[in-house]
$ cat data36.cif   # mmCIF, C-alpha atoms
data_upload
#
loop_
_atom_site.label_atom_id
_atom_site.label_comp_id
_atom_site.auth_asym_id
_atom_site.auth_seq_id
_atom_site.Cartn_x
_atom_site.Cartn_y
_atom_site.Cartn_z
CA MET G 16 105.85 121.28 117.65
CA VAL G 17 106.52 117.56 118.02
CA TYR G 18 103.88 114.82 117.91
CA VAL G 19 104.71 111.30 119.15
CA SER G 20 102.30 108.37 118.98
CA ASN G 21 102.42 105.99 121.98
CA ALA G 22 100.66 102.79 120.98
CA ASP G 23 100.36 100.93 124.28
CA SER G 24 99.41 103.92 126.44
CA LYS G 25 96.92 105.00 123.76
CA GLU G 26 97.95 108.63 123.53
CA ILE G 27 99.72 111.22 121.42
CA TYR G 28 102.35 113.35 123.12
CA VAL G 29 102.37 116.98 122.04
CA LEU G 30 105.72 118.67 122.74
CA SER G 31 107.31 122.01 121.97
CA LEU G 32 110.82 122.06 120.48
CA GLU G 33 113.12 124.96 121.31
CA ASN G 34 114.82 126.09 118.10
CA ARG G 35 117.89 127.46 119.85
CA ASN G 36 119.04 124.43 121.83
CA GLY G 37 116.75 121.51 120.90
CA ALA G 38 115.11 121.30 124.33
CA VAL G 39 111.71 119.58 124.35
CA THR G 40 108.80 120.33 126.70
CA LEU G 41 105.60 118.29 127.11
CA VAL G 42 102.51 120.36 126.29
CA GLN G 43 99.66 117.84 126.09
CA ARG G 44 98.77 114.15 126.21
CA ALA G 45 95.96 113.63 123.69
CA PRO G 46 94.10 110.37 124.40
CA VAL G 47 92.89 107.94 121.75
CA THR G 48 90.93 104.70 122.04
CA GLY G 49 93.44 102.19 120.68
CA ALA G 50 96.98 101.36 119.57
CA VAL G 51 97.93 104.57 117.79
CA MET G 52 100.87 104.30 115.40
CA PRO G 53 101.24 106.07 112.04
CA LEU G 54 100.68 109.83 111.97
CA ALA G 55 100.29 112.28 109.09
CA ILE G 56 100.15 116.07 108.98
CA SER G 57 97.96 117.95 106.48
CA PRO G 58 99.84 120.09 103.92
CA ASN G 59 98.56 123.29 105.57
CA ARG G 60 99.79 122.00 108.99
CA ARG G 61 96.38 122.57 110.56
CA LEU G 62 95.35 118.93 110.99
CA LEU G 63 96.90 115.76 112.36
CA TYR G 64 95.72 112.29 111.33
CA ALA G 65 96.41 109.29 113.60
CA ALA G 66 95.69 105.69 112.60
CA LEU G 67 94.78 103.03 115.16
CA ARG G 68 96.19 99.55 114.59
CA SER G 69 93.78 97.90 117.03
CA ARG G 70 90.14 97.14 116.27
CA PRO G 71 88.07 98.94 115.23
CA PHE G 72 90.65 100.12 112.67
CA SER G 73 90.15 103.84 112.25
CA VAL G 74 91.80 107.22 111.74
CA PHE G 75 91.41 110.06 114.23
CA THR G 76 91.31 113.61 112.88
CA PHE G 77 92.68 116.33 115.18
CA GLU G 78 92.76 120.07 114.68
CA ILE G 79 96.14 121.67 115.47
CA ALA G 80 95.61 124.88 117.45
CA PRO G 81 97.44 127.95 116.12
CA THR G 82 100.28 129.25 118.34
CA THR G 83 99.99 126.43 120.92
CA GLY G 84 100.06 123.34 118.68
CA ARG G 85 97.63 121.54 121.00
CA LEU G 86 95.31 118.91 119.51
CA ARG G 87 91.51 119.08 119.46
CA PHE G 88 89.68 115.88 118.52
CA LEU G 89 87.33 116.26 115.54
CA SER G 90 86.29 112.75 114.46
CA ALA G 91 87.08 109.05 114.14
CA THR G 92 86.59 107.46 110.71
CA PRO G 93 86.66 103.72 109.90
CA LEU G 94 89.54 102.50 107.75
CA ALA G 95 89.58 99.55 105.37
CA ASP G 96 92.16 97.63 107.42
CA ASN G 97 95.04 97.83 109.91
CA MET G 98 97.19 100.60 108.40
CA ALA G 99 100.94 100.59 109.03
CA TYR G 100 101.36 103.90 107.19
CA ILE G 101 99.20 106.88 106.30
CA SER G 102 99.89 110.04 104.28
CA THR G 103 97.99 112.71 102.39
CA ASP G 104 98.19 113.92 98.83
CA ARG G 105 99.76 117.34 98.22
CA THR G 106 96.40 119.13 98.28
CA GLY G 107 95.21 117.58 101.53
CA ARG G 108 92.05 116.25 99.84
CA PHE G 109 92.87 112.53 100.10
CA LEU G 110 94.31 110.19 102.74
CA PHE G 111 96.39 107.18 101.66
CA GLY G 112 96.77 104.07 103.81
CA ALA G 113 99.03 101.01 103.46
CA SER G 114 97.99 97.83 105.29
CA TYR G 115 100.97 95.58 106.03
CA THR G 116 98.80 92.79 107.46
CA GLY G 117 95.97 93.18 104.97
CA ASP G 118 98.05 93.33 101.76
CA LYS G 119 96.14 96.32 100.46
CA ILE G 120 96.11 100.10 100.15
CA SER G 121 93.19 102.45 100.58
CA ILE G 122 92.37 106.00 99.53
CA ASN G 123 89.82 108.08 101.44
CA ALA G 124 88.51 111.52 100.61
CA ILE G 125 89.09 114.34 103.10
CA GLY G 126 86.21 116.79 103.54
CA GLU G 127 86.35 120.57 103.45
CA GLN G 128 86.79 120.75 107.23
CA GLY G 129 89.71 118.34 107.07
CA VAL G 130 87.82 115.29 108.35
CA VAL G 131 88.49 111.93 106.67
CA GLN G 132 85.42 110.58 104.87
CA ALA G 133 84.05 107.02 104.59
CA PRO G 134 83.67 104.76 102.71
CA PRO G 135 87.02 104.84 100.89
CA VAL G 136 87.29 106.03 97.31
CA GLN G 137 89.43 102.99 96.50
CA VAL G 138 90.75 99.80 98.09
CA THR G 139 93.31 97.84 96.07
CA SER G 140 95.12 94.55 96.74
CA THR G 141 98.92 94.64 96.56
CA PRO G 142 101.87 92.24 96.76
CA PRO G 143 102.55 91.10 100.35
CA HIS G 144 103.03 93.63 103.13
CA PRO G 145 102.81 97.16 101.73
CA HIS G 146 104.61 99.28 104.32
CA SER G 147 104.44 102.85 103.01
CA ILE G 148 102.60 104.93 100.42
CA VAL G 149 103.67 108.41 99.28
CA VAL G 150 102.76 110.82 96.50
CA ASP G 151 105.39 112.63 94.40
CA PRO G 152 105.91 116.42 94.60
CA SER G 153 103.75 117.01 91.50
CA ASN G 154 100.83 115.09 93.07
CA ALA G 155 100.55 113.01 89.90
CA TYR G 156 102.19 109.72 90.94
CA VAL G 157 102.09 107.38 93.93
CA LEU G 158 104.80 104.98 95.13
CA ILE G 159 104.13 101.98 97.41
CA ALA G 160 106.88 99.93 99.08
CA CYS G 161 105.86 96.27 99.47
CA THR G 162 108.16 94.63 102.02
CA GLY G 163 107.06 91.07 101.34
CA GLY G 164 106.92 91.47 97.58
CA ASP G 165 110.35 93.07 97.06
CA ARG G 166 108.65 95.63 94.85
CA ILE G 167 107.95 99.33 94.77
CA LEU G 168 104.65 99.86 93.01
CA GLN G 169 104.35 102.79 90.60
CA LEU G 170 100.88 104.30 90.16
CA LYS G 171 99.30 107.26 88.40
CA PHE G 172 97.16 109.42 90.68
CA ASN G 173 93.99 111.20 89.58
CA GLN G 174 93.90 114.37 91.65
CA ALA G 175 90.26 115.04 90.82
CA THR G 176 88.80 111.68 91.84
CA GLY G 177 91.47 110.29 94.17
CA ALA G 178 91.76 107.08 92.16
CA ALA G 179 95.15 105.47 91.50
CA ALA G 180 95.99 103.10 88.64
CA PRO G 181 99.14 101.16 87.65
CA ASN G 182 101.79 103.13 85.81
CA ALA G 183 103.90 101.68 82.98
CA PRO G 184 105.84 99.79 84.18
CA PRO G 185 103.70 99.07 87.25
CA PHE G 186 106.63 98.38 89.62
CA VAL G 187 110.38 98.26 90.11
CA GLU G 188 111.97 95.26 91.82
CA THR G 189 114.53 95.37 94.62
CA GLU G 190 117.12 92.73 95.42
CA ARG G 191 115.55 89.46 96.51
CA ASP G 192 114.58 89.48 100.21
CA ALA G 193 115.59 93.12 100.59
CA GLY G 194 112.15 94.07 101.91
CA PRO G 195 111.53 97.71 100.88
CA ARG G 196 109.83 99.53 103.76
CA HIS G 197 109.78 103.35 103.91
CA ILE G 198 110.06 105.85 101.05
CA VAL G 199 111.19 109.48 101.05
CA PHE G 200 111.56 111.96 98.18
CA HIS G 201 114.68 114.07 98.08
CA PRO G 202 113.80 117.80 98.32
CA ASN G 203 114.88 118.31 94.70
CA GLY G 204 112.24 115.80 93.54
CA ARG G 205 114.73 113.96 91.30
CA PHE G 206 115.72 111.18 93.73
CA VAL G 207 113.86 108.71 95.90
CA HIS G 208 115.41 106.91 98.88
CA THR G 209 114.05 103.78 100.55
CA THR G 210 114.96 101.64 103.53
CA ASN G 211 115.13 97.90 102.94
CA GLU G 212 114.04 96.27 106.17
CA LEU G 213 115.30 92.73 105.67
CA ASP G 214 118.87 93.33 104.47
CA ALA G 215 119.50 96.63 106.32
CA THR G 216 120.24 98.73 103.26
CA VAL G 217 119.14 102.07 101.83
CA ASN G 218 118.40 102.33 98.11
CA THR G 219 118.63 105.43 95.93
CA TYR G 220 116.54 105.74 92.77
CA ARG G 221 116.43 108.34 90.03
CA PHE G 222 112.85 109.60 89.69
CA ASP G 223 111.59 110.54 86.22
CA VAL G 224 109.35 113.54 86.85
CA GLU G 225 107.73 113.15 83.42
CA THR G 226 106.72 109.49 83.75
CA GLY G 227 106.66 108.96 87.52
CA THR G 228 108.96 105.92 87.32
CA LEU G 229 112.06 104.85 89.22
CA THR G 230 115.50 103.74 88.02
CA PRO G 231 117.84 102.08 90.59
CA ALA G 232 120.95 104.17 91.18
CA ALA G 233 122.82 103.02 94.30
CA THR G 234 122.64 100.97 97.51
CA ALA G 235 124.30 101.62 100.89
CA SER G 236 124.41 99.60 104.11
CA ALA G 237 122.61 100.97 107.17
CA LEU G 238 124.57 98.75 109.57
CA PRO G 239 127.50 100.02 111.65
CA PRO G 240 130.82 98.79 110.18
CA ALA G 241 131.72 96.85 113.33
CA PHE G 242 128.28 95.34 113.90
CA GLU G 243 128.68 91.69 114.90
CA GLY G 244 125.05 90.67 115.06
CA GLY G 245 123.52 88.58 112.32
CA ALA G 246 120.20 88.49 110.52
CA PRO G 247 117.36 89.21 110.91
CA PHE G 248 118.05 92.88 110.32
CA ALA G 249 115.38 95.51 110.72
CA SER G 250 115.91 98.83 109.00
CA ALA G 251 112.89 101.05 109.54
CA ASP G 252 112.49 104.79 109.06
CA LEU G 253 114.46 107.35 107.03
CA HIS G 254 114.46 111.12 106.55
CA VAL G 255 116.40 113.71 104.54
CA THR G 256 117.40 117.14 105.86
CA PRO G 257 115.46 120.04 104.30
CA ASP G 258 118.56 121.23 102.43
CA GLY G 259 118.95 117.77 100.85
CA ARG G 260 122.54 117.27 102.03
CA PHE G 261 122.13 114.49 104.61
CA LEU G 262 120.04 111.35 105.10
CA TYR G 263 119.46 109.36 108.30
CA ALA G 264 118.01 105.86 108.63
CA SER G 265 117.07 103.85 111.72
CA GLU G 266 118.27 100.24 112.08
CA ARG G 267 116.66 98.16 114.82
CA ALA G 268 119.00 95.13 114.96
CA SER G 269 121.88 97.40 116.00
CA ASN G 270 119.69 100.11 117.59
CA THR G 271 121.47 102.83 115.65
CA LEU G 272 120.87 105.78 113.37
CA ALA G 273 122.89 105.51 110.16
CA CYS G 274 124.14 108.86 108.84
CA PHE G 275 124.85 109.59 105.17
CA ARG G 276 125.95 112.44 102.94
CA ILE G 277 123.93 112.70 99.70
CA ASP G 278 125.68 113.33 96.39
CA ALA G 279 123.96 116.34 94.84
CA ARG G 280 124.34 115.10 91.28
CA GLY G 281 123.49 111.41 91.44
CA GLY G 282 121.84 110.96 94.83
CA ALA G 283 124.30 108.27 95.97
CA LEU G 284 124.97 107.97 99.70
CA THR G 285 128.33 108.20 101.47
CA ALA G 286 128.38 106.84 105.02
CA ILE G 287 129.25 109.35 107.73
CA GLY G 288 128.87 106.90 110.60
CA SER G 289 126.28 105.42 112.96
CA VAL G 290 125.21 106.57 116.41
CA PRO G 291 123.58 104.49 119.17
CA THR G 292 119.97 105.42 119.82
CA GLU G 293 116.77 104.29 121.54
CA GLN G 294 115.73 100.62 121.51
CA PRO G 295 114.33 99.81 119.01
CA PRO G 296 114.23 102.94 116.85
CA ARG G 297 111.13 102.35 114.76
CA GLY G 298 110.46 106.07 114.25
CA PHE G 299 112.33 109.38 114.25
CA ASN G 300 112.23 112.70 112.43
CA ILE G 301 114.12 115.89 111.56
CA ASP G 302 112.90 119.36 112.51
CA PRO G 303 111.87 121.69 109.62
CA ARG G 304 115.04 123.79 109.97
CA GLY G 305 117.32 120.74 109.71
CA ARG G 306 119.04 121.31 113.05
CA PHE G 307 117.80 118.45 115.24
CA VAL G 308 116.86 114.76 115.08
CA LEU G 309 114.39 113.25 117.56
CA ALA G 310 114.33 109.42 117.83
CA VAL G 311 112.02 107.25 119.96
CA GLY G 312 112.37 103.66 121.21
CA GLN G 313 109.44 101.26 121.34
CA THR G 314 110.69 99.34 124.37
CA SER G 315 112.86 102.02 125.98
CA ASN G 316 109.77 104.29 126.16
CA SER G 317 112.09 107.26 125.68
CA MET G 318 113.18 109.81 123.12
CA THR G 319 116.68 111.14 122.48
CA SER G 320 117.37 114.46 120.78
CA TYR G 321 120.45 115.03 118.61
CA ALA G 322 122.07 118.12 117.14
CA ILE G 323 122.96 117.90 113.45
CA ASP G 324 126.41 119.27 112.59
CA GLN G 325 125.64 121.60 109.70
CA GLU G 326 129.00 120.98 108.01
CA THR G 327 129.56 117.25 108.48
CA GLY G 328 126.07 115.84 109.16
CA THR G 329 127.22 114.00 112.29
CA LEU G 330 124.80 113.66 115.20
CA THR G 331 125.55 114.71 118.78
CA PRO G 332 123.16 113.47 121.51
CA LEU G 333 121.66 116.29 123.56
CA ARG G 334 119.11 114.94 126.02
CA ARG G 335 116.83 112.00 126.77
CA TYR G 336 113.11 112.31 127.55
CA SER G 337 110.49 109.91 128.91
CA MET G 338 107.62 109.12 126.54
CA GLY G 339 104.46 107.03 126.87
CA ASN G 340 104.39 103.26 126.33
CA ASN G 341 105.59 102.04 122.92
CA PRO G 342 106.44 105.36 121.23
CA ASN G 343 106.79 104.59 117.55
CA TRP G 344 106.12 107.59 115.28
CA VAL G 345 107.39 111.19 115.28
CA GLU G 346 106.14 114.22 113.34
CA ILE G 347 107.72 117.69 113.69
CA ILE G 348 106.23 120.88 112.23
CA ASP G 349 106.30 124.63 112.47
CA ILE G 350 102.74 125.47 113.50
CA PRO G 351 100.95 127.93 111.17
#
$ encode --input "data36.cif" --output "C-alpha cells"
Amino acid sequence: MVYVSNADSKEIYVLSLENRNGAVTLVQRAPVTGAVMPLAISPNRRLLYAALRSRPFSVFTFEIAPTTGRLRFLSATPLADNMAYISTDRTGRFLFGASYTGDKISINAIGEQGVVQAPPVQVTSTPPHPHSIVVDPSNAYVLIACTGGDRILQLKFNQATGAAAPNAPPFVETERDAGPRHIVFHPNGRFVHTTNELDATVNTYRFDVETGTLTPAATASALPPAFEGGAPFASADLHVTPDGRFLYASERASNTLACFRIDARGGALTAIGSVPTEQPPRGFNIDPRGRFVLAVGQTSNSMTSYAIDQETGTLTPLRRYSMGNNPNWVEIIDIP
C-alpha cells in the first residue's frame, strides 16, 4: 500500500501497488482538516500518523485496515508546533516531531490503542530549523538534522519515559552552509546517510552502535554532472534499498533523483547517474521489496513510478499518475 499526503487539497491518497509490474491504483482519498505533510507508519504497520502544518498544528491518527489498507480516522491530537517531520520510536510508544519553523523538537506518548497523547512528554529547543528526527535501530539514541545550524544533534533516548538528553558529544558539525535535512540509517545499522539541502550533497557517517555517535566518512554530490543551474540548491529526501546496496536522493533545483551504489565496507557512495523526475521532488520512497521507486512533485501534482534495476541500481520510468494538490510525502508498506 502507498500513502501520499496532499497538502493543498487536504487529503491522503491511499493506493495499492502491484508487486509484479509496479502499477498503482487509487483506493481511497482520506480527508483531513489542514495542510497535511509529514507521515509516519507505526512499527506494527497498523497505524498511520499525519501531521498538519496549518493551524491548529496537530497529528491525525488513522487505523490501517488489514487486507485493504484503507484508513479509518481515530483522533486528532495537538502538537507543540508546526512539524516538518514526524517519526516513531522502534516500539511505537512515542512520536517524535521536528519543527523547522519553531526551532524545537517534541516527544509525545502514544497510547495502547495507538493514539498520540497530549501534552507532550518533552519539548526542547534546538539550533535553527530542525528538519528530521530519527531513532537508531537499538532504540537507544536519537539523531536530529538541523538545517540552519549545520549540525546533527546526538541524543540518548530513555525508552521507558520517552525523554531524550544530549549525548557526548552532543552534535556533529557538517560543512558550513551545507544544511543537513533528512537522515536515514543503512539497514546494517553501521552507517547513517543524510541529505544536505543547501549544497546539494549527501553525507555518509559511521555510526558507533555502542555510543550512538557519528563520525564523518564521505560526501557525494546529488547534482547531475551536466547541471548548469546555480545556487540555491535544494536536496530533500533520501532512501536506501532494503538490501542496502543502493541509495537515492531527490534534488529540487534540477528536479532529479540522484542514484548511488553504497560500498558495503565503508558506506561511501558511488554515483550511478541522475534521472529526471516530478517538479519539485520533495518526497519519494522505495517499496519494501526494493523493486520500485515512487516520486511525487509538489507543483506537478503527479507521481512517477520507476523500476529499480536489481543489478545496476538504475531507474527506469514506468508510468505517471495524477495526485491531489501539493503531494509531498510518500510512505509504502506491506499491510499486516
$ closest_atom_pairs --input "data36.cif" --of "segment 159-261 of chain G" --to "segment 316-334 of chain G" --cutoff "10 Å" --atoms "only C-alpha atoms" --output "JSON lines"
{"residue": "G:Thr256", "atom": "CA", "partner": "G:Gly328", "partner_atom": "CA", "distance": 9.4}
{"residue": "G:Arg260", "atom": "CA", "partner": "G:Gly328", "partner_atom": "CA", "distance": 8.1}
{"residue": "G:Phe261", "atom": "CA", "partner": "G:Gly328", "partner_atom": "CA", "distance": 6.2}
$ atom_distance --input "data36.cif" --atom1 "atom CA of Ser73 of chain G" --atom2 "atom CA of Ala249 of chain G"
26.6 Å
$ closest_atom_pairs --input "data36.cif" --of "segment 62-144 of chain G" --to "segment 188-204 of chain G" --cutoff "10 Å" --atoms "all atoms listed in the file" --output "CSV"
residue,atom,partner,partner_atom,distance
G:Tyr100,CA,G:His197,CA,9.1
G:Tyr115,CA,G:Arg196,CA,10.0
G:His144,CA,G:Arg196,CA,9.0
$ closest_residue --input "data36.cif" --among "G:Ala113, G:Thr48, G:Leu41, G:Phe222" --to "Ser24 of chain G" --atoms "all atoms listed in the file"
G:Thr48
$ residues_near_point --input "data36.cif" --point "(92.8, 107.2, 111.6)" --cutoff "7 Å" --atoms "only C-alpha atoms" --output "number ranges by chain"
G: 64-67, 73-76, 91-92, 94
$ residues_near_point --input "data36.cif" --point "(99.8, 122.1, 108.3)" --cutoff "10 Å" --atoms "only C-alpha atoms" --output "ChimeraX atom specification"
/G:55-63,78-79,107,348-351
$ residues_around --input "data36.cif" --residues "Asp252 of chain G" --least-positions-apart "4" --cutoff "10 Å" --atoms "only C-alpha atoms" --output "ChimeraX atom specification"
/G:196-199,209-212,263-267,272,296-300,344
$ atom_distance --input "data36.cif" --atom1 "atom CA of Tyr28 of chain G" --atom2 "atom CA of Phe72 of chain G"
20.5 Å
